[in-house]
$ cat entry31.txt   # compact mmCIF, C-alpha atoms
# COMPACT_ATOMS: atom_id res chain seq x y z
CA MET X 1 1.82 18.21 28.01
CA LYS X 2 -1.91 17.95 28.72
CA LYS X 3 -2.68 18.50 25.00
CA ILE X 4 -0.19 15.81 23.96
CA LEU X 5 -1.64 13.36 26.48
CA THR X 6 -5.18 14.04 25.26
CA ILE X 7 -4.17 13.51 21.63
CA SER X 8 -2.39 10.28 22.57
CA ILE X 9 -5.42 8.90 24.38
CA LEU X 10 -7.71 9.87 21.52
CA ALA X 11 -5.34 8.30 19.00
CA PHE X 12 -5.33 5.06 21.01
CA PHE X 13 -9.10 4.74 20.84
CA ILE X 14 -9.27 5.73 17.17
CA LEU X 15 -6.49 3.35 16.18
CA GLY X 16 -8.02 0.58 18.21
CA HIS X 17 -11.28 1.05 16.33
CA VAL X 18 -9.56 1.07 12.96
CA HIS X 19 -7.56 -1.99 14.00
CA ALA X 20 -10.80 -3.83 14.76
CA GLN X 21 -12.13 -2.87 11.35
CA TYR X 22 -9.11 -4.02 9.40
CA ARG X 23 -7.79 -7.03 11.26
CA ALA X 24 -9.16 -9.22 8.51
CA ASP X 25 -7.31 -12.25 7.28
CA ARG X 26 -5.89 -10.60 4.18
CA LYS X 27 -3.72 -12.64 1.88
CA ILE X 28 -1.38 -12.14 -1.01
CA ILE X 29 -2.89 -13.87 -4.02
CA ARG X 30 -1.89 -14.18 -7.64
CA ILE X 31 -4.03 -14.42 -10.74
CA ASP X 32 -2.80 -15.58 -14.12
CA LYS X 33 -2.99 -12.72 -16.61
CA HIS X 34 -4.76 -14.85 -19.22
CA GLN X 35 -7.66 -15.25 -16.78
CA GLU X 36 -8.08 -11.48 -16.65
CA ILE X 37 -8.03 -11.27 -20.44
CA LYS X 38 -10.78 -13.87 -20.63
CA LYS X 39 -12.85 -11.93 -18.12
CA GLY X 40 -12.37 -8.61 -19.85
CA LYS X 41 -12.65 -5.68 -17.43
CA GLU X 42 -14.28 -7.64 -14.61
CA LEU X 43 -11.11 -7.99 -12.55
CA GLN X 44 -10.17 -4.33 -12.91
CA ALA X 45 -13.67 -3.24 -11.95
CA LEU X 46 -13.30 -4.89 -8.53
CA ASN X 47 -10.85 -2.14 -7.43
CA LEU X 48 -8.53 -4.62 -5.80
CA ASP X 49 -5.33 -3.76 -3.95
CA LEU X 50 -3.01 -4.44 -6.89
CA LEU X 51 0.65 -4.91 -6.07
CA MET X 52 2.37 -5.71 -9.32
CA GLU X 53 2.31 -7.65 -12.54
CA LYS X 54 5.21 -9.95 -13.35
CA ASP X 55 5.72 -12.82 -15.76
CA GLY X 56 2.07 -12.96 -16.72
CA LYS X 57 0.84 -13.00 -13.13
CA ILE X 58 -1.01 -10.30 -11.19
CA TYR X 59 -0.35 -10.02 -7.43
CA ILE X 60 -3.02 -8.64 -5.09
CA VAL X 61 -3.58 -8.07 -1.35
CA ALA X 62 -7.03 -9.59 -0.91
CA SER X 63 -9.57 -9.44 1.91
CA PRO X 64 -12.14 -12.18 2.46
CA GLN X 65 -14.64 -9.95 0.64
CA ASP X 66 -12.27 -9.68 -2.32
CA LEU X 67 -11.90 -13.45 -2.44
CA ALA X 68 -15.67 -13.84 -2.38
CA SER X 69 -16.00 -11.37 -5.28
CA LEU X 70 -13.42 -13.26 -7.32
CA GLU X 71 -15.17 -16.53 -6.64
CA ALA X 72 -18.53 -15.03 -7.60
CA LYS X 73 -17.04 -14.05 -10.96
CA ASN X 74 -15.36 -17.44 -11.39
CA ILE X 75 -11.89 -15.88 -11.49
CA PRO X 76 -9.40 -18.46 -10.16
CA TYR X 77 -6.60 -17.34 -7.83
CA HIS X 78 -3.69 -18.83 -5.91
CA ILE X 79 -2.85 -17.86 -2.33
CA GLU X 80 0.76 -16.75 -2.04
CA HIS X 81 1.20 -15.56 1.51
CA ARG X 82 -0.78 -14.76 4.65
CA ALA X 83 -0.68 -11.11 5.71
CA LEU X 84 1.35 -10.56 8.86
CA TYR X 85 0.41 -8.62 11.96
CA PRO X 86 2.90 -7.12 14.42
CA GLU X 87 2.96 -10.14 16.74
CA GLU X 88 3.73 -12.41 13.76
CA GLN X 89 6.33 -10.26 12.02
CA ARG X 90 9.00 -10.04 14.71
CA ARG X 91 11.18 -12.53 12.92
CA TYR X 92 11.73 -9.86 10.25
CA SER X 93 13.26 -7.45 12.79
CA ILE X 94 16.53 -8.19 14.51
CA GLN X 95 17.07 -4.77 16.07
CA SER X 96 15.12 -2.79 18.65
CA GLY X 97 11.41 -2.29 18.10
CA VAL X 98 8.99 -4.03 15.82
CA ASN X 99 10.22 -1.93 12.88
CA GLY X 100 13.86 -2.80 13.54
CA ALA X 101 16.29 -0.78 11.40
CA PHE X 102 13.44 0.83 9.47
CA HIS X 103 12.50 4.33 10.56
CA SER X 104 9.39 5.17 12.51
CA TYR X 105 8.11 8.74 12.34
CA PRO X 106 9.87 9.92 15.54
CA GLU X 107 13.08 8.14 14.56
CA LEU X 108 13.08 9.82 11.16
CA GLU X 109 12.37 13.19 12.75
CA ARG X 110 15.33 12.73 15.07
CA ASP X 111 17.72 11.66 12.31
CA LEU X 112 16.71 14.42 9.92
CA MET X 113 17.27 17.03 12.62
CA ALA X 114 20.64 15.47 13.42
CA LEU X 115 21.72 15.73 9.78
CA ALA X 116 20.76 19.39 9.62
CA ASP X 117 22.55 20.09 12.91
CA SER X 118 25.70 18.32 11.75
CA TYR X 119 25.80 19.98 8.31
CA PRO X 120 24.13 23.39 8.75
CA GLU X 121 25.69 24.88 5.61
CA LEU X 122 24.40 22.04 3.43
CA ALA X 123 21.13 20.86 4.94
CA GLN X 124 17.89 22.34 6.23
CA VAL X 125 14.84 20.54 7.58
CA MET X 126 11.55 22.21 6.77
CA ASP X 127 8.04 21.45 7.95
CA ILE X 128 5.98 21.61 4.73
CA GLY X 129 2.63 20.74 6.31
CA ASP X 130 0.80 18.56 8.77
CA SER X 131 -0.82 15.17 8.42
CA LEU X 132 -4.39 14.45 9.46
CA GLU X 133 -3.17 13.48 12.92
CA LYS X 134 -1.00 16.62 13.10
CA ARG X 135 2.36 15.02 12.52
CA ASN X 136 4.84 17.20 10.67
CA ILE X 137 5.71 16.34 7.09
CA TYR X 138 9.39 17.10 6.72
CA ALA X 139 11.45 18.09 3.70
CA LEU X 140 15.23 17.88 3.80
CA ARG X 141 16.72 20.55 1.54
CA ILE X 142 20.34 20.11 0.43
CA SER X 143 22.43 22.65 -1.46
CA GLY X 144 25.92 24.13 -1.41
CA ASN X 145 24.64 27.37 0.14
CA VAL X 146 21.46 26.06 1.64
CA GLY X 147 20.66 29.33 3.41
CA LEU X 148 20.43 31.18 0.09
CA GLN X 149 17.91 31.10 -2.75
CA GLU X 150 20.01 30.69 -5.89
CA ASN X 151 19.15 30.20 -9.54
CA GLU X 152 19.83 26.47 -9.49
CA PRO X 153 17.84 23.53 -10.83
CA SER X 154 15.69 21.78 -8.26
CA VAL X 155 14.89 18.08 -8.05
CA ILE X 156 12.61 16.32 -5.58
CA PHE X 157 12.63 12.79 -4.14
CA LEU X 158 9.54 11.52 -2.31
CA GLY X 159 9.00 8.47 -0.13
CA CYS X 160 6.24 6.51 1.58
CA HIS X 161 2.92 7.55 0.08
CA HIS X 162 1.83 4.03 1.04
CA ALA X 163 2.26 3.17 4.71
CA ARG X 164 3.37 -0.46 4.36
CA GLU X 165 6.25 0.41 2.00
CA TRP X 166 8.87 0.92 4.70
CA ILE X 167 11.87 0.67 2.37
CA SER X 168 10.56 3.71 0.47
CA VAL X 169 11.42 5.86 3.51
CA GLU X 170 14.95 4.55 3.73
CA VAL X 171 16.16 5.15 0.16
CA PRO X 172 15.42 8.92 0.02
CA TYR X 173 16.63 9.41 3.59
CA LEU X 174 19.90 7.64 2.83
CA LEU X 175 20.29 9.74 -0.31
CA GLY X 176 20.25 12.89 1.80
CA LYS X 177 22.64 11.35 4.30
CA TYR X 178 25.01 10.26 1.54
CA LEU X 179 25.10 13.70 -0.09
CA VAL X 180 25.97 15.65 3.05
CA GLU X 181 28.41 13.09 4.43
CA ASN X 182 30.36 12.81 1.17
CA TYR X 183 30.28 16.48 0.16
CA SER X 184 33.75 17.33 1.47
CA SER X 185 35.49 14.17 0.26
CA ASP X 186 33.93 13.45 -3.16
CA PRO X 187 34.38 16.09 -5.88
CA GLU X 188 31.47 14.76 -7.92
CA VAL X 189 29.08 14.90 -4.98
CA LYS X 190 30.31 18.43 -4.23
CA ARG X 191 29.71 19.48 -7.82
CA LEU X 192 26.16 18.14 -7.78
CA VAL X 193 25.29 19.69 -4.43
CA ASP X 194 26.89 23.04 -5.30
CA ASN X 195 24.97 23.31 -8.56
CA SER X 196 21.50 22.11 -7.58
CA ASP X 197 18.75 22.42 -5.01
CA ILE X 198 17.81 18.93 -3.81
CA TRP X 199 14.60 18.33 -1.88
CA ILE X 200 13.88 15.07 -0.10
CA VAL X 201 10.52 14.26 1.51
CA PRO X 202 11.10 10.73 2.81
CA LEU X 203 7.75 10.31 4.58
CA VAL X 204 4.61 11.67 2.93
CA ASN X 205 2.29 9.46 5.01
CA PRO X 206 3.49 9.58 8.65
CA ASP X 207 0.15 8.59 10.20
CA GLY X 208 -0.19 5.54 8.00
CA LEU X 209 3.40 4.46 8.66
CA GLU X 210 2.86 4.54 12.41
CA TYR X 211 -0.31 2.50 12.04
CA SER X 212 1.50 0.00 9.83
CA ILE X 213 4.24 -0.41 12.43
CA HIS X 214 2.07 -0.78 15.50
CA PHE X 215 -1.23 -2.27 14.32
CA TYR X 216 -1.50 -3.69 10.83
CA ARG X 217 1.57 -4.29 8.67
CA TYR X 218 -0.34 -4.18 5.36
CA TRP X 219 -1.97 -0.79 5.94
CA ARG X 220 -1.70 1.28 2.74
CA LYS X 221 -3.71 4.48 3.05
CA ASN X 222 -3.67 7.50 5.34
CA MET X 223 -5.87 7.65 8.46
CA ARG X 224 -8.89 9.55 7.13
CA ASN X 225 -12.14 8.66 8.91
CA ASN X 226 -14.49 8.31 5.96
CA GLY X 227 -17.52 8.56 8.20
CA ASP X 228 -19.06 5.25 7.19
CA GLY X 229 -17.02 2.81 9.22
CA THR X 230 -14.13 2.78 6.77
CA TYR X 231 -10.80 4.56 7.05
CA GLY X 232 -8.17 5.89 4.74
CA VAL X 233 -7.58 7.54 1.39
CA ASP X 234 -4.93 6.27 -1.01
CA LEU X 235 -2.63 9.29 -1.13
CA ASN X 236 -1.27 8.20 -4.49
CA ARG X 237 -4.75 8.57 -6.01
CA ASN X 238 -5.52 12.00 -4.52
CA TYR X 239 -3.48 14.26 -6.81
CA GLY X 240 -5.36 16.55 -9.15
CA TYR X 241 -4.29 15.51 -12.63
CA ARG X 242 -6.90 13.17 -14.16
CA TRP X 243 -8.27 12.60 -10.66
CA GLY X 244 -11.17 10.15 -10.90
CA TRP X 245 -10.59 9.68 -14.62
CA ASP X 246 -12.19 6.24 -14.36
CA ASN X 247 -12.94 3.61 -11.74
CA GLU X 248 -10.16 1.29 -12.86
CA GLY X 249 -7.17 3.43 -11.94
CA SER X 250 -8.78 4.47 -8.64
CA SER X 251 -11.97 3.80 -6.75
CA PRO X 252 -14.92 5.86 -5.45
CA ASN X 253 -15.54 3.10 -2.88
CA THR X 254 -14.35 4.18 0.57
CA ALA X 255 -13.49 0.60 1.56
CA SER X 256 -11.20 0.15 -1.43
CA GLU X 257 -7.45 0.22 -0.93
CA VAL X 258 -7.27 2.60 -3.91
CA TYR X 259 -10.02 4.93 -2.66
CA ARG X 260 -9.26 8.32 -4.17
CA GLY X 261 -11.13 10.55 -1.70
CA THR X 262 -14.10 12.83 -2.25
CA GLY X 263 -12.14 15.14 -4.53
CA PRO X 264 -8.62 16.03 -5.67
CA PHE X 265 -6.22 17.28 -3.00
CA THR X 266 -8.60 16.62 -0.13
CA GLU X 267 -5.82 15.11 1.98
CA PRO X 268 -3.47 17.42 3.90
CA GLU X 269 -0.48 15.22 3.14
CA ILE X 270 -0.97 15.77 -0.60
CA GLN X 271 -1.76 19.43 -0.08
CA ALA X 272 1.69 19.72 1.53
CA VAL X 273 3.36 18.29 -1.59
CA ARG X 274 1.33 20.62 -3.81
CA SER X 275 2.30 23.64 -1.70
CA LEU X 276 5.97 22.75 -2.01
CA PHE X 277 5.62 22.58 -5.80
CA GLU X 278 3.95 25.97 -5.81
CA GLN X 279 6.98 27.43 -4.04
CA GLN X 280 9.76 25.62 -5.93
CA ASP X 281 10.54 25.24 -9.62
CA PHE X 282 11.36 21.54 -9.78
CA GLN X 283 12.95 20.08 -12.90
CA ALA X 284 12.50 16.38 -12.10
CA LEU X 285 10.78 14.08 -9.62
CA VAL X 286 11.29 10.58 -8.25
CA THR X 287 8.80 8.95 -5.92
CA TYR X 288 9.81 5.68 -4.26
CA HIS X 289 7.46 2.75 -3.70
CA ASN X 290 7.68 -1.03 -3.37
CA TYR X 291 7.46 -3.71 -4.41
CA SER X 292 8.08 -4.97 -8.00
CA GLN X 293 11.50 -3.59 -8.97
CA VAL X 294 10.62 -1.38 -11.94
CA ILE X 295 11.00 2.25 -13.06
CA LEU X 296 7.66 3.68 -14.19
CA TYR X 297 6.97 6.90 -16.05
CA PRO X 298 3.78 8.65 -17.33
CA TRP X 299 1.21 8.11 -18.36
CA GLY X 300 -0.40 5.96 -15.69
CA TYR X 301 -4.02 6.90 -16.32
CA THR X 302 -4.00 5.59 -19.89
CA GLU X 303 -2.13 3.06 -21.97
CA GLU X 304 -1.25 5.80 -24.47
CA ALA X 305 2.21 7.34 -24.65
CA SER X 306 2.88 10.99 -23.83
CA ASP X 307 4.50 13.43 -26.26
CA GLN X 308 7.71 13.04 -24.22
CA GLU X 309 7.86 9.25 -24.46
CA GLY X 310 11.35 9.36 -26.02
CA LEU X 311 12.87 11.42 -23.24
CA LEU X 312 11.16 9.56 -20.40
CA SER X 313 12.10 6.18 -21.84
CA ALA X 314 15.71 7.22 -22.42
CA LEU X 315 16.11 8.62 -18.91
CA GLY X 316 14.43 5.61 -17.36
CA ASN X 317 16.53 3.12 -19.28
CA GLU X 318 19.76 4.91 -18.41
CA MET X 319 18.82 4.90 -14.74
CA SER X 320 18.04 1.20 -15.04
CA ARG X 321 21.43 0.51 -16.64
CA LEU X 322 23.29 2.36 -13.90
CA MET X 323 21.37 0.53 -11.19
CA GLU X 324 22.04 -2.88 -12.70
CA GLN X 325 25.78 -2.19 -12.76
CA VAL X 326 25.86 -1.99 -8.96
CA SER X 327 24.39 -5.34 -7.98
CA GLY X 328 23.21 -7.03 -11.16
CA ARG X 329 19.60 -6.46 -10.18
CA TYR X 330 17.48 -5.36 -13.12
CA TYR X 331 14.78 -2.68 -12.90
CA ALA X 332 12.72 -2.59 -16.09
CA ALA X 333 11.87 0.94 -17.27
CA GLU X 334 8.38 1.15 -18.71
CA ARG X 335 5.35 3.36 -19.19
CA ALA X 336 3.13 2.93 -16.15
CA GLY X 337 -0.21 2.52 -17.90
CA ALA X 338 1.01 0.27 -20.67
CA GLY X 339 0.45 -2.87 -18.63
CA PHE X 340 -2.36 -3.99 -16.36
CA TYR X 341 -1.86 -1.50 -13.56
CA LEU X 342 -3.72 1.69 -14.55
CA THR X 343 -3.67 4.55 -12.05
CA ASN X 344 -5.22 7.99 -11.97
CA GLY X 345 -4.65 10.86 -9.59
CA ASP X 346 -1.11 9.69 -8.87
CA THR X 347 2.07 11.64 -8.20
CA THR X 348 3.96 11.26 -11.45
CA ASP X 349 1.03 11.92 -13.78
CA TRP X 350 0.37 15.11 -11.80
CA SER X 351 3.95 16.41 -11.72
CA PHE X 352 4.44 15.57 -15.39
CA GLY X 353 0.98 16.63 -16.56
CA VAL X 354 0.85 19.93 -14.65
CA TYR X 355 4.52 20.94 -14.47
CA GLY X 356 5.91 19.15 -17.50
CA ILE X 357 8.88 17.65 -15.69
CA PRO X 358 10.34 14.14 -16.08
CA SER X 359 8.72 12.10 -13.33
CA PHE X 360 9.45 8.55 -12.22
CA THR X 361 8.02 6.04 -9.80
CA ILE X 362 10.75 3.67 -8.72
CA GLU X 363 9.28 0.47 -7.34
CA LEU X 364 11.94 -0.94 -5.08
CA PRO X 365 12.69 -4.63 -4.52
CA PRO X 366 11.73 -7.33 -4.03
CA ASP X 367 10.44 -8.30 -7.43
CA SER X 368 7.88 -10.85 -6.27
CA SER X 369 6.03 -12.16 -3.26
CA ILE X 370 8.32 -15.18 -3.25
CA THR X 371 11.29 -13.01 -2.27
CA GLY X 372 9.64 -11.07 0.54
CA GLU X 373 6.77 -8.82 -0.60
CA PHE X 374 6.91 -5.64 1.52
CA PHE X 375 9.07 -7.37 4.11
CA ASN X 376 12.55 -6.35 3.08
CA ALA X 377 15.18 -7.70 5.40
CA GLU X 378 17.01 -5.10 7.43
CA SER X 379 20.23 -6.26 5.81
CA ASP X 380 18.78 -5.30 2.42
CA ILE X 381 18.34 -1.60 3.25
CA GLN X 382 21.88 -0.55 2.37
CA PRO X 383 22.22 -2.70 -0.80
CA ILE X 384 18.90 -1.42 -2.15
CA PHE X 385 20.01 2.14 -1.51
CA ASP X 386 23.42 1.49 -3.07
CA GLU X 387 21.90 0.29 -6.34
CA ASN X 388 19.49 3.25 -6.46
CA LEU X 389 22.12 5.87 -5.73
CA PRO X 390 23.65 6.14 -9.24
CA ALA X 391 20.21 6.70 -10.75
CA ALA X 392 19.45 9.51 -8.31
CA LEU X 393 22.83 11.17 -8.94
CA TYR X 394 22.37 10.79 -12.69
CA LEU X 395 18.98 12.54 -12.58
CA ILE X 396 20.40 15.38 -10.49
CA ASP X 397 23.19 15.75 -13.02
CA TRP X 398 20.68 15.72 -15.88
CA CYS X 399 18.83 18.60 -14.24
CA ILE X 400 22.05 20.59 -13.85
CA GLN X 401 23.14 20.06 -17.45
CA THR X 402 19.75 20.87 -18.96
CA HIS X 403 18.83 23.74 -16.62
CA SER X 404 19.87 26.47 -19.05
CA SER X 405 18.54 24.81 -22.17
CA PRO X 406 15.37 26.41 -23.62
CA SER X 407 14.32 23.00 -24.98
CA ARG X 408 15.34 20.90 -22.00
CA PHE X 409 12.62 18.31 -22.53
CA SER X 410 13.59 17.19 -26.01
CA SER X 411 14.16 13.46 -26.32
CA SER X 412 17.77 13.99 -27.39
CA GLN X 413 18.73 15.22 -23.93
CA ALA X 414 18.97 11.95 -22.09
CA LEU X 415 22.60 12.39 -21.17
CA GLN X 416 25.24 9.73 -20.89
CA PRO X 417 27.07 9.71 -17.57
CA LYS X 418 30.38 11.51 -17.37
CA GLN X 419 33.52 9.53 -17.97
CA LYS X 420 34.31 9.81 -14.30
CA ARG X 421 31.62 7.69 -12.70
CA LEU X 422 29.65 8.81 -9.67
CA LEU X 423 31.11 6.13 -7.44
CA LEU X 424 29.58 4.62 -4.33
CA LYS X 425 31.36 5.29 -1.08
$ encode --input "entry31.txt" --output "structure tokens"
Amino acid sequence: MKKILTISILAFFILGHVHAQYRADRKIIRIDKHQEIKKGKELQALNLDLLMEKDGKIYIVASPQDLASLEAKNIPYHIEHRALYPEEQRRYSIQSGVNGAFHSYPELERDLMALADSYPELAQVMDIGDSLEKRNIYALRISGNVGLQENEPSVIFLGCHHAREWISVEVPYLLGKYLVENYSSDPEVKRLVDNSDIWIVPLVNPDGLEYSIHFYRYWRKNMRNNGDGTYGVDLNRNYGYRWGWDNEGSSPNTASEVYRGTGPFTEPEIQAVRSLFEQQDFQALVTYHNYSQVILYPWGYTEEASDQEGLLSALGNEMSRLMEQVSGRYYAAERAGAGFYLTNGDTTDWSFGVYGIPSFTIELPPDSSITGEFFNAESDIQPIFDENLPAALYLIDWCIQTHSSPSRFSSSQALQPKQKRLLLK
């Protein structure tokens, strides 16, 4: 108890210091794409906190320093929305706590343990590593005989690399909940669970999530003290494949929201994901983010296509089609680096580049700052999960059907769904 109390007191002072550093009046801004084209690489070189590109407009979370840099380069911008702090965001939460129906770290821990306790033959919760602040990073493993190691295809779903993306915790968590709760009543769910090994890590960045909930809603990075008055590493720029490839897809500047760290895999949260990959033979990956409502696939570090462009495009487009059938909401499937938003050292380039598996970043709704930015309504949690569910089930099924194929990554293997649809419950 004394150790816990000491850690809590220390965390209070550290978080208070970080809060003082980052309680700047950050704003959502948009820049017309044609302005960036006129300015060449100047906009990209600023290492801004890029959110999305849509309809010829680039959306950014900008600090006062960012605004000054844009003005110095004569790059016009339009202010979309003022960043919200906890005392200003309560209108977005109608349930208990500032995070409302969205999970905090302790709430997720409790609910994951409850799932495993309720369905011990189907679900296990595993601690795959610790965060910087010594919070456990949990993986929920689901399989028909979860206590056994069987020769079954494995697929992994990740959530919340970026702290402010609360909905990215909910979708993978609800996937796990759906699978175990519907196993006994839905033959298709039973078939998928019995013939695969499904791993769900809904919260890669627990420290950042807690900071986002209690101090600064727009916090993105983890809680690394960089030793120079700045805090945080962008966990989705800290993976080893093409880490630091250039200063457009990530930044060497510690104050940048896309700061990549001092080297690849410096952050314990990303080391935990790497360790899990070293122990499991995954056949596919999905990592959830928000916002912009797209399905992205490698490469992200370059505009060039990979040698598996046909397969990745086909899988992505089929997932998009299945998602649109649920609610009519369209997720465009596209190569990540083909547009403005280059990244390097990210999850999907690493899992695809190192392990050769189909890898997708699904950017969840909303699709613009006008419809909510990161502030999904609590009432949207279930509908967003519902429309993502068929895509997740489809990818699990693809892994099962291609598991025994010696050429499983040929572009001809993007499978059509079975005649009997994987229906929502």
$ closest_residue --input "entry31.txt" --among "X:Tyr231, X:Ile213, X:Gly345, X:Glu188" --to "X:Asp246" --atoms "all atoms listed in the file"
X:Gly345
$ residues_near_point --input "entry31.txt" --point "(12.7, 8.2, -9.9)" --cutoff "12 Å" --atoms "all atoms listed in the file" --output "VMD selection string"
chain X and resid 155 to 159 168 171 to 172 284 to 289 293 to 298 312 315 to 320 323 331 333 347 to 348 357 to 364 388 to 396
$ closest_residue --input "entry31.txt" --among "X:Leu132, X:Cys160, X:Val61, X:Ala255" --to "X:Ser104" --atoms "all atoms listed in the file"
X:Cys160
$ atom_distance --input "entry31.txt" --atom1 "atom CA of X:Arg242" --atom2 "atom CA of X:Phe282"
20.6 Å
$ residues_near_point --input "entry31.txt" --point "(13.9, 22.0, 7.4)" --cutoff "9 Å" --atoms "only C-alpha atoms" --output "MDAnalysis selection string"
chainID X and resid 112:113 116 123:128 138:141
$ closest_residue --input "entry31.txt" --among "X:Ala62, X:Leu276, X:Ile75, X:Ala68" --to "X:Ile31" --atoms "only C-alpha atoms"
X:Ile75
$ atom_distance --input "entry31.txt" --atom1 "atom CA of X:Arg26" --atom2 "atom CA of X:Lys57"
18.7 Å
$ atom_distance --input "entry31.txt" --atom1 "atom CA of X:Gly129" --atom2 "atom CA of X:Asp49"
27.7 Å
$ closest_residue --input "entry31.txt" --among "X:Pro187, X:Gly100, X:Gly229, X:Pro64" --to "X:Trp166" --atoms "all atoms listed in the file"
X:Gly100
$ closest_residue --input "entry31.txt" --among "X:Glu42, X:Arg164, X:Arg329, X:Ile58" --to "X:Ala72" --atoms "only C-alpha atoms"
X:Glu42
$ closest_residue --input "entry31.txt" --among "X:Phe265, X:Tyr105, X:Tyr291, X:Trp245" --to "X:Val233" --atoms "all atoms listed in the file"
X:Phe265
$ residues_around --input "entry31.txt" --residues "X:Tyr239" --least-positions-apart "6" --cutoff "12 Å" --atoms "only C-alpha atoms" --output "MDAnalysis selection string"
chainID X and resid 161 233 245 250 260:274 343:354
